[in-house]
$ cat coords_13.cif   # mmCIF, C-alpha atoms
data_coords
loop_
_atom_site.group_PDB
_atom_site.id
_atom_site.type_symbol
_atom_site.label_atom_id
_atom_site.label_comp_id
_atom_site.auth_asym_id
_atom_site.auth_seq_id
_atom_site.Cartn_x
_atom_site.Cartn_y
_atom_site.Cartn_z
ATOM 1 C CA MET A 1 13.204 -9.971 3.351
ATOM 2 C CA LEU A 2 14.386 -6.543 2.184
ATOM 3 C CA THR A 3 18.057 -5.918 1.351
ATOM 4 C CA TRP A 4 19.955 -2.652 0.666
ATOM 5 C CA GLY A 5 19.948 -3.298 -3.085
ATOM 6 C CA VAL A 6 16.208 -3.972 -3.142
ATOM 7 C CA VAL A 7 15.537 -0.817 -1.105
ATOM 8 C CA ALA A 8 17.584 1.216 -3.623
ATOM 9 C CA LEU A 9 15.739 -0.218 -6.635
ATOM 10 C CA LEU A 10 12.307 0.239 -5.027
ATOM 11 C CA ALA A 11 13.196 3.807 -3.991
ATOM 12 C CA VAL A 12 14.252 4.764 -7.538
ATOM 13 C CA GLY A 13 11.223 3.117 -9.158
ATOM 14 C CA VAL A 14 8.657 4.549 -6.747
ATOM 15 C CA TYR A 15 10.095 8.104 -6.661
ATOM 16 C CA GLY A 16 10.556 7.989 -10.436
ATOM 17 C CA GLN A 17 6.839 7.397 -10.949
ATOM 18 C CA ARG A 18 5.891 10.139 -8.463
ATOM 19 C CA ALA A 19 8.233 12.645 -10.160
ATOM 20 C CA LEU A 20 7.005 11.650 -13.628
ATOM 21 C CA GLY A 21 3.418 12.322 -12.618
ATOM 22 C CA MET A 22 4.157 15.491 -10.659
ATOM 23 C CA ALA A 23 6.689 17.247 -12.889
ATOM 24 C CA PHE A 24 7.314 15.593 -16.242
ATOM 25 C CA VAL A 25 3.995 14.456 -17.681
ATOM 26 C CA ASP A 26 1.403 16.848 -19.033
ATOM 27 C CA PRO A 27 -1.819 15.467 -17.513
ATOM 28 C CA ASN A 28 -3.810 16.783 -20.478
ATOM 29 C CA ARG A 29 -1.890 14.461 -22.779
ATOM 30 C CA MET A 30 -2.616 11.391 -20.649
ATOM 31 C CA GLY A 31 -5.738 9.613 -21.876
ATOM 32 C CA ALA A 32 -8.675 9.055 -19.539
ATOM 33 C CA ARG A 33 -8.590 5.342 -20.356
ATOM 34 C CA SER A 34 -4.902 4.929 -19.384
ATOM 35 C CA LYS A 35 -5.622 6.725 -16.106
ATOM 36 C CA GLN A 36 -8.551 4.392 -15.374
ATOM 37 C CA VAL A 37 -6.456 1.266 -15.956
ATOM 38 C CA LEU A 38 -3.375 2.544 -14.064
ATOM 39 C CA ALA A 39 -5.542 3.475 -11.086
ATOM 40 C CA MET A 40 -6.774 -0.135 -10.834
ATOM 41 C CA VAL A 41 -3.390 -1.911 -11.203
ATOM 42 C CA PRO A 42 -2.485 -1.716 -7.476
ATOM 43 C CA LEU A 43 -5.907 -3.042 -6.409
ATOM 44 C CA SER A 44 -5.599 -6.024 -8.714
ATOM 45 C CA ILE A 45 -2.030 -6.915 -7.687
ATOM 46 C CA LEU A 46 -2.593 -6.402 -3.960
ATOM 47 C CA CYS A 47 -5.656 -8.672 -4.035
ATOM 48 C CA ALA A 48 -3.507 -11.350 -5.666
ATOM 49 C CA VAL A 49 -0.864 -10.862 -2.964
ATOM 50 C CA THR A 50 -3.533 -11.096 -0.237
ATOM 51 C CA ALA A 51 -5.044 -14.285 -1.673
ATOM 52 C CA LEU A 52 -1.684 -16.041 -2.007
ATOM 53 C CA GLN A 53 -0.463 -14.878 1.405
ATOM 54 C CA THR A 54 -3.590 -16.483 2.880
ATOM 55 C CA LEU A 55 -3.901 -19.639 0.777
ATOM 56 C CA SER A 56 -0.356 -20.640 -0.204
ATOM 57 C CA THR A 57 3.048 -21.350 1.264
ATOM 58 C CA GLY A 58 6.163 -21.331 -0.932
ATOM 59 C CA GLY A 59 4.173 -21.597 -4.178
ATOM 60 C CA GLU A 60 1.803 -24.406 -3.077
ATOM 61 C CA LEU A 61 -1.832 -24.001 -2.135
ATOM 62 C CA GLY A 62 -2.831 -25.098 1.365
ATOM 63 C CA PHE A 63 -5.193 -24.319 4.206
ATOM 64 C CA ASP A 64 -4.095 -23.500 7.742
ATOM 65 C CA ALA A 65 -4.910 -21.243 10.695
ATOM 66 C CA ARG A 66 -4.389 -18.123 8.566
ATOM 67 C CA ILE A 67 -7.832 -18.685 6.948
ATOM 68 C CA ALA A 68 -9.500 -18.045 10.330
ATOM 69 C CA GLY A 69 -7.384 -14.944 10.930
ATOM 70 C CA ILE A 70 -8.114 -13.471 7.491
ATOM 71 C CA THR A 71 -11.843 -14.193 7.850
ATOM 72 C CA ALA A 72 -11.690 -12.191 11.075
ATOM 73 C CA ALA A 73 -9.812 -9.416 9.240
ATOM 74 C CA ILE A 74 -12.496 -9.248 6.530
ATOM 75 C CA ILE A 75 -15.301 -9.021 9.105
ATOM 76 C CA LEU A 76 -13.428 -6.413 11.178
ATOM 77 C CA SER A 77 -12.544 -4.223 8.201
ATOM 78 C CA TRP A 78 -16.163 -4.253 6.954
ATOM 79 C CA LYS A 79 -17.154 -3.085 10.463
ATOM 80 C CA ARG A 80 -14.786 -0.145 9.778
ATOM 81 C CA VAL A 81 -12.649 -0.630 12.896
ATOM 82 C CA PRO A 82 -9.191 1.050 12.780
ATOM 83 C CA MET A 83 -6.563 -0.636 10.617
ATOM 84 C CA PHE A 84 -4.366 -1.472 13.605
ATOM 85 C CA VAL A 85 -7.245 -3.430 15.219
ATOM 86 C CA VAL A 86 -7.847 -5.358 11.978
ATOM 87 C CA VAL A 87 -4.214 -6.447 11.818
ATOM 88 C CA VAL A 88 -3.840 -7.295 15.520
ATOM 89 C CA GLY A 89 -7.211 -9.115 15.494
ATOM 90 C CA ALA A 90 -6.174 -11.252 12.518
ATOM 91 C CA ALA A 91 -2.890 -12.180 14.210
ATOM 92 C CA ALA A 92 -4.645 -13.006 17.509
ATOM 93 C CA VAL A 93 -7.245 -15.261 15.834
ATOM 94 C CA THR A 94 -4.556 -17.025 13.779
ATOM 95 C CA ALA A 95 -2.416 -17.576 16.882
ATOM 96 C CA ALA A 96 -5.413 -18.903 18.872
ATOM 97 C CA VAL A 97 -6.519 -21.341 16.145
ATOM 98 C CA ARG A 98 -2.928 -22.499 15.644
ATOM 99 C CA ALA A 99 -2.525 -23.145 19.379
ATOM 100 C CA LEU A 100 -5.768 -25.184 19.459
ATOM 101 C CA LEU A 101 -5.074 -27.335 16.365
ATOM 102 C CA MET B 1 2.185 19.893 14.348
ATOM 103 C CA HIS B 2 0.124 22.479 16.308
ATOM 104 C CA HIS B 3 -2.395 23.543 13.719
ATOM 105 C CA VAL B 4 -3.499 23.252 10.153
ATOM 106 C CA PRO B 5 -3.348 26.168 7.649
ATOM 107 C CA ARG B 6 -5.995 28.824 8.417
ATOM 108 C CA GLY B 7 -8.632 29.574 5.851
ATOM 109 C CA THR B 8 -8.549 26.142 4.246
ATOM 110 C CA LEU B 9 -11.141 23.337 4.302
ATOM 111 C CA LEU B 10 -8.714 21.113 6.230
ATOM 112 C CA THR B 11 -9.760 20.474 9.858
ATOM 113 C CA ASN B 12 -7.682 19.540 12.907
ATOM 114 C CA GLY B 13 -9.698 16.329 13.243
ATOM 115 C CA GLU B 14 -8.798 15.172 9.727
ATOM 116 C CA ALA B 15 -5.122 15.966 10.249
ATOM 117 C CA TRP B 16 -4.935 14.065 13.559
ATOM 118 C CA THR B 17 -6.826 11.075 12.139
ATOM 119 C CA ILE B 18 -4.421 10.777 9.215
ATOM 120 C CA ALA B 19 -1.357 11.268 11.455
ATOM 121 C CA PHE B 20 -2.568 8.571 13.879
ATOM 122 C CA THR B 21 -3.439 6.168 11.049
ATOM 123 C CA TYR B 22 -0.033 6.493 9.382
ATOM 124 C CA PHE B 23 1.711 6.189 12.759
ATOM 125 C CA THR B 24 -0.009 2.889 13.618
ATOM 126 C CA VAL B 25 0.289 1.537 10.078
ATOM 127 C CA ALA B 26 4.024 2.330 10.092
ATOM 128 C CA ILE B 27 4.501 0.402 13.362
ATOM 129 C CA THR B 28 2.576 -2.540 11.909
ATOM 130 C CA VAL B 29 4.418 -2.563 8.576
ATOM 131 C CA SER B 30 7.827 -2.402 10.278
ATOM 132 C CA LEU B 31 6.856 -5.272 12.585
ATOM 133 C CA VAL B 32 5.852 -7.353 9.562
ATOM 134 C CA HIS B 33 9.183 -6.663 7.797
ATOM 135 C CA SER B 34 11.088 -7.314 10.994
ATOM 136 C CA THR B 35 9.486 -10.710 11.578
ATOM 137 C CA ALA B 36 10.234 -11.587 7.911
ATOM 138 C CA GLY B 37 13.937 -11.213 8.773
ATOM 139 C CA THR B 38 14.741 -7.720 7.459
ATOM 140 C CA PRO B 39 17.430 -6.011 9.618
ATOM 141 C CA THR B 40 16.343 -2.929 11.616
ATOM 142 C CA TRP B 41 18.463 -0.415 9.659
ATOM 143 C CA VAL B 42 17.232 -1.698 6.296
ATOM 144 C CA ILE B 43 13.620 -1.227 7.484
ATOM 145 C CA VAL B 44 14.355 2.347 8.588
ATOM 146 C CA ALA B 45 16.102 3.084 5.255
ATOM 147 C CA ALA B 46 13.232 1.520 3.284
ATOM 148 C CA THR B 47 10.701 3.690 5.116
ATOM 149 C CA LEU B 48 12.661 6.908 4.509
ATOM 150 C CA LEU B 49 13.760 6.228 0.929
ATOM 151 C CA VAL B 50 10.939 4.241 -0.682
ATOM 152 C CA ASN B 51 8.265 6.167 1.248
ATOM 153 C CA SER B 52 5.537 3.655 0.324
ATOM 154 C CA ALA B 53 4.237 0.803 2.488
ATOM 155 C CA THR B 54 2.500 -1.054 -0.316
ATOM 156 C CA ALA B 55 5.634 -1.165 -2.505
ATOM 157 C CA THR B 56 7.876 -2.692 0.177
ATOM 158 C CA LEU B 57 5.094 -5.008 1.420
ATOM 159 C CA ALA B 58 4.354 -6.245 -2.114
ATOM 160 C CA TYR B 59 8.044 -7.036 -2.609
ATOM 161 C CA ALA B 60 8.251 -8.874 0.735
ATOM 162 C CA ALA B 61 5.000 -10.771 0.109
ATOM 163 C CA VAL B 62 5.971 -11.898 -3.394
ATOM 164 C CA THR B 63 9.388 -13.167 -2.315
ATOM 165 C CA ALA B 64 7.964 -14.792 0.849
ATOM 166 C CA ALA B 65 5.453 -16.677 -1.331
ATOM 167 C CA GLY B 66 8.240 -18.149 -3.480
ATOM 168 C CA GLY B 67 8.581 -15.391 -6.085
ATOM 169 C CA THR B 68 11.966 -14.304 -7.475
ATOM 170 C CA VAL B 69 13.640 -11.013 -6.449
ATOM 171 C CA PRO B 70 13.060 -9.318 -9.872
ATOM 172 C CA ALA B 71 9.374 -10.327 -9.743
ATOM 173 C CA GLY B 72 9.137 -8.848 -6.242
ATOM 174 C CA ILE B 73 10.700 -5.557 -7.344
ATOM 175 C CA LEU B 74 8.430 -5.376 -10.402
ATOM 176 C CA ALA B 75 5.383 -6.023 -8.184
ATOM 177 C CA GLY B 76 6.562 -3.238 -5.836
ATOM 178 C CA TRP B 77 6.934 -0.791 -8.740
ATOM 179 C CA LEU B 78 3.521 -1.719 -10.128
ATOM 180 C CA THR B 79 1.803 -0.995 -6.797
ATOM 181 C CA ALA B 80 3.258 2.540 -6.940
ATOM 182 C CA THR B 81 1.692 3.426 -10.300
ATOM 183 C CA ARG B 82 -1.182 5.056 -8.410
ATOM 184 C CA PHE B 83 1.180 7.681 -6.930
ATOM 185 C CA GLY B 84 2.156 8.782 -10.445
ATOM 186 C CA VAL B 85 -1.478 9.037 -11.489
ATOM 187 C CA LEU B 86 -2.458 10.933 -8.306
ATOM 188 C CA ALA B 87 0.513 13.295 -8.639
ATOM 189 C CA ALA B 88 -0.364 14.050 -12.275
ATOM 190 C CA ALA B 89 -3.906 14.931 -11.233
ATOM 191 C CA LEU B 90 -2.702 17.495 -8.644
ATOM 192 C CA ALA B 91 0.388 18.839 -10.477
ATOM 193 C CA PRO B 92 -1.347 21.626 -12.495
ATOM 194 C CA ARG B 93 -2.567 23.189 -9.209
ATOM 195 C CA LEU B 94 0.820 23.206 -7.447
ATOM 196 C CA TRP B 95 3.858 25.423 -8.132
ATOM 197 C CA PRO B 96 4.518 26.424 -11.760
ATOM 198 C CA ARG B 97 8.239 25.829 -11.231
ATOM 199 C CA ARG B 98 9.150 22.276 -12.100
ATOM 200 C CA TRP B 99 11.947 21.905 -9.486
ATOM 201 C CA LYS B 100 9.504 22.619 -6.673
ATOM 202 C CA ARG B 101 7.110 19.959 -7.931
ATOM 203 C CA THR B 102 10.036 17.541 -8.325
ATOM 204 C CA ILE B 103 10.725 17.907 -4.578
ATOM 205 C CA ALA B 104 7.028 17.809 -3.653
ATOM 206 C CA ALA B 105 6.665 14.545 -5.597
ATOM 207 C CA PHE B 106 8.591 12.641 -2.913
ATOM 208 C CA SER B 107 5.672 12.734 -0.491
ATOM 209 C CA ALA B 108 2.780 12.179 -2.922
ATOM 210 C CA PHE B 109 0.555 9.784 -0.966
ATOM 211 C CA ASP B 110 -3.183 9.188 -1.327
ATOM 212 C CA PRO B 111 -4.718 11.362 1.459
ATOM 213 C CA ASN B 112 -2.553 14.492 1.110
ATOM 214 C CA VAL B 113 -3.172 14.640 -2.646
ATOM 215 C CA ALA B 114 -6.908 14.105 -2.131
ATOM 216 C CA LEU B 115 -7.201 16.789 0.586
ATOM 217 C CA ALA B 116 -5.143 19.316 -1.424
ATOM 218 C CA ASN B 117 -7.305 18.699 -4.491
ATOM 219 C CA ARG B 118 -10.422 19.453 -2.429
ATOM 220 C CA GLU B 119 -9.380 23.118 -1.958
ATOM 221 C CA GLU B 120 -11.070 25.635 -4.227
ATOM 222 C CA ASN B 121 -8.099 27.868 -5.005
ATOM 223 C CA ASP B 122 -4.610 26.784 -5.964
ATOM 224 C CA HIS B 123 -2.892 28.791 -3.209
ATOM 225 C CA ASP B 124 -4.804 26.836 -0.514
ATOM 226 C CA ALA B 125 -4.162 23.580 -2.385
ATOM 227 C CA ARG B 126 -0.396 24.205 -2.048
ATOM 228 C CA ARG B 127 -0.609 25.053 1.674
ATOM 229 C CA VAL B 128 -2.745 21.979 2.434
ATOM 230 C CA TYR B 129 -0.415 19.748 0.400
ATOM 231 C CA VAL B 130 2.652 20.938 2.362
ATOM 232 C CA ALA B 131 0.904 20.757 5.754
ATOM 233 C CA MET B 132 -0.620 17.323 5.167
ATOM 234 C CA SER B 133 2.656 15.958 3.793
ATOM 235 C CA LEU B 134 4.285 16.846 7.142
ATOM 236 C CA TRP B 135 1.346 15.569 9.222
ATOM 237 C CA LEU B 136 1.586 12.288 7.340
ATOM 238 C CA VAL B 137 5.294 11.704 6.754
ATOM 239 C CA LEU B 138 6.613 12.586 10.253
ATOM 240 C CA PRO B 139 4.363 10.140 12.217
ATOM 241 C CA TRP B 140 5.008 7.611 9.452
ATOM 242 C CA TRP B 141 8.807 7.770 9.947
ATOM 243 C CA VAL B 142 8.621 7.767 13.767
ATOM 244 C CA GLY B 143 6.205 4.814 13.773
ATOM 245 C CA ALA B 144 8.427 2.855 11.396
ATOM 246 C CA CYS B 145 11.462 3.260 13.677
ATOM 247 C CA ILE B 146 9.444 2.148 16.732
ATOM 248 C CA GLY B 147 8.114 -0.925 14.882
ATOM 249 C CA ALA B 148 11.566 -1.914 13.632
ATOM 250 C CA VAL B 149 12.983 -1.824 17.179
ATOM 251 C CA ILE B 150 10.058 -3.729 18.760
ATOM 252 C CA GLY B 151 10.315 -6.401 16.046
ATOM 253 C CA ASP B 152 13.807 -7.353 17.220
ATOM 254 C CA PHE B 153 12.345 -8.705 20.464
ATOM 255 C CA ILE B 154 9.895 -11.141 18.857
ATOM 256 C CA SER B 155 11.356 -14.628 18.586
ATOM 257 C CA ASP B 156 8.545 -16.834 17.180
ATOM 258 C CA PRO B 157 6.364 -14.803 14.792
ATOM 259 C CA ARG B 158 4.229 -17.764 13.654
ATOM 260 C CA ALA B 159 3.120 -18.631 17.211
ATOM 261 C CA LEU B 160 1.845 -15.039 17.485
ATOM 262 C CA GLY B 161 -0.063 -15.376 14.191
ATOM 263 C CA MET B 162 2.102 -12.721 12.589
ATOM 264 C CA ASP B 163 2.071 -14.425 9.189
ATOM 265 C CA ALA B 164 -1.582 -13.291 8.976
ATOM 266 C CA MET B 165 -0.583 -9.635 9.402
ATOM 267 C CA PHE B 166 0.420 -9.066 5.753
ATOM 268 C CA PRO B 167 -2.884 -10.164 4.197
ATOM 269 C CA ALA B 168 -4.923 -8.547 7.003
ATOM 270 C CA LEU B 169 -3.142 -5.234 6.408
ATOM 271 C CA PHE B 170 -3.857 -5.389 2.668
ATOM 272 C CA ILE B 171 -7.541 -6.109 3.352
ATOM 273 C CA ALA B 172 -7.722 -3.041 5.607
ATOM 274 C CA ILE B 173 -5.942 -0.925 2.967
ATOM 275 C CA LEU B 174 -8.077 -2.138 0.059
ATOM 276 C CA ARG B 175 -11.529 -2.228 1.659
ATOM 277 C CA PRO B 176 -12.258 1.527 1.200
ATOM 278 C CA GLN B 177 -11.412 1.178 -2.522
ATOM 279 C CA LEU B 178 -14.110 -1.447 -3.144
ATOM 280 C CA THR B 179 -16.858 1.132 -3.641
ATOM 281 C CA THR B 180 -17.788 0.385 -7.258
ATOM 282 C CA ASN B 181 -18.866 -2.856 -8.926
ATOM 283 C CA ILE B 182 -15.958 -2.663 -11.348
ATOM 284 C CA ALA B 183 -13.457 -2.300 -8.457
ATOM 285 C CA ARG B 184 -14.960 -5.349 -6.735
ATOM 286 C CA LEU B 185 -14.824 -7.343 -9.986
ATOM 287 C CA ILE B 186 -11.163 -6.384 -10.557
ATOM 288 C CA ALA B 187 -10.259 -7.248 -6.927
ATOM 289 C CA LEU B 188 -11.919 -10.669 -7.132
ATOM 290 C CA SER B 189 -10.397 -11.388 -10.570
ATOM 291 C CA GLY B 190 -6.902 -10.503 -9.359
ATOM 292 C CA ALA B 191 -7.238 -12.954 -6.454
ATOM 293 C CA VAL B 192 -8.714 -15.736 -8.637
ATOM 294 C CA VAL B 193 -6.027 -15.380 -11.338
ATOM 295 C CA ALA B 194 -3.272 -15.626 -8.716
ATOM 296 C CA VAL B 195 -4.746 -18.656 -6.907
ATOM 297 C CA ALA B 196 -5.462 -20.452 -10.195
ATOM 298 C CA SER B 197 -1.928 -19.948 -11.536
ATOM 299 C CA VAL B 198 0.285 -20.229 -8.445
ATOM 300 C CA GLU B 199 1.001 -23.969 -8.846
ATOM 301 C CA ILE B 200 1.407 -23.760 -12.641
ATOM 302 C CA LEU B 201 3.572 -20.678 -13.249
ATOM 303 C CA PRO B 202 7.106 -20.089 -11.887
ATOM 304 C CA GLY B 203 7.730 -17.807 -8.874
ATOM 305 C CA GLY B 204 6.426 -14.257 -9.091
ATOM 306 C CA LEU B 205 4.590 -14.566 -12.434
ATOM 307 C CA PRO B 206 1.158 -15.184 -10.827
ATOM 308 C CA PHE B 207 1.474 -11.795 -9.081
ATOM 309 C CA LEU B 208 2.333 -10.020 -12.320
ATOM 310 C CA ILE B 209 -0.362 -11.531 -14.543
ATOM 311 C CA ALA B 210 -2.764 -10.635 -11.727
ATOM 312 C CA ALA B 211 -2.300 -7.019 -12.918
ATOM 313 C CA LEU B 212 -4.223 -7.850 -16.111
ATOM 314 C CA PRO B 213 -7.740 -7.664 -14.576
ATOM 315 C CA ALA B 214 -7.082 -3.906 -14.190
ATOM 316 C CA LEU B 215 -7.893 -3.752 -17.936
ATOM 317 C CA LEU B 216 -11.515 -4.472 -16.935
ATOM 318 C CA ALA B 217 -11.620 -0.788 -15.886
ATOM 319 C CA LEU B 218 -12.042 0.018 -19.596
ATOM 320 C CA ARG B 219 -15.431 -1.689 -19.588
ATOM 321 C CA GLY B 220 -16.710 0.012 -16.449
ATOM 322 C CA ASP B 221 -17.211 3.551 -17.795
ATOM 323 C CA GLY B 222 -19.430 5.496 -15.435
ATOM 324 C CA GLU B 223 -20.568 2.460 -13.485
ATOM 325 C CA SER B 224 -20.942 2.744 -9.714
ATOM 326 C CA SER B 225 -22.490 0.778 -6.894
#

$ encode --input "coords_13.cif" --output "structure tokens"
Amino acid sequence: MLTWGVVALLAVGVYGQRALGMAFVDPNRMGARSKQVLAMVPLSILCAVTALQTLSTGGELGFDARIAGITAAIILSWKRVPMFVVVVGAAAVTAAVRALL
Amino acid sequence: MHHVPRGTLLTNGEAWTIAFTYFTVAITVSLVHSTAGTPTWVIVAATLLVNSATATLAYAAVTAAGGTVPAGILAGWLTATRFGVLAAALAPRLWPRRWKRTIAAFSAFDPNVALANREENDHDARRVYVAMSLWLVLPWWVGACIGAVIGDFISDPRALGMDAMFPALFIAILRPQLTTNIARLIALSGAVVAVASVEILPGGLPFLIAALPALLALRGDGESS
């Protein structure tokens, strides 16, 4: 759940990085290797978030209806359907499996 | 929003596709925050001020999974590192005056930077950057407000499967990035590290050490699928 304080801190941190890149860092002085690593940090973290949002609840691993929904999301996104359909499809499958169990 | 700048490589079709995508994603993201208990006005403020879906979603996901608030904020900041890198790549082609670039930095997203960079001369790059920033940010803000209001009317999010929306959204966001072997390896490693450590490490830490596989990028020089 977001709060006003969290929104303020996120806003400062995110805009700060955009402004640093756009106006205060000379791109020629930034090494190619640092750029490669920085470009991959979000991918790595967001995959961790995805895995734990699917396979854990409150810090404990467990399996429930979400597995079916996320499997559907993976199939749908590899079929290149629009993002909105992927998300609604995953929710629908999860809800259906949960209602049946 | 009637047309795109004349004489540039940008087409109407691309502009509408991006506007529609950000509009629907904004509705979805706001719904997810709303069902997680965030008040409507905080969602609207977060959309306008943070101006990044992945940063606010990462924070919400980390704290929902038992992480601490500082860990959630750190995870949100780390997901925004790509905006800094993208902005630095485009900056030399935009306005020479620093104050103009400082303002332009606020709307540095992935597609507007990429489309501006595609232009051959710097003058067109500036026009496309401004036009695409508007095509992207306006539908994004409107969609977020609509989603935040709709979310207030949903009483039992789990029965509607809405707890699967977060991870499904991330899969849809990340899928186009999995084009190289090294990206796939980093993605898989991030997930494995988090799952392996979630029951051992205290709240939030599994998300942060999951940033380490990004170092694998150093070994993937020039490799592609």

$ interface_residues --input "coords_13.cif" --of "chain A" --to "chain B" --cutoff "7 Å" --atoms "only C-alpha atoms" --output "PyMOL selection string"
chain A and resi 1-4+7+10-11+13-15+17-23+25+27+33+35-54+57-60+66+69-70+73-74+77+83-84+86-87+90-92+94-95

$ resolve_selection --input "coords_13.cif" --expression "the PyMOL selection byres ((chain B and resi 111-122) around 7)" --output "ChimeraX atom specification"
/B:8-9,86,90,93-94,108-110,123-126,128-129,132-133

$ atom_distance --input "coords_13.cif" --atom1 "CA of Arg127 in chain B" --atom2 "CA of Trp140 in chain B"
19.9 Å

$ atom_distance --input "coords_13.cif" --atom1 "CA of Ala53 in chain B" --atom2 "CA of Ser30 in chain B"
9.2 Å

$ atom_distance --input "coords_13.cif" --atom1 "CA of Asp156 in chain B" --atom2 "CA of Ala72 in chain A"
21.6 Å
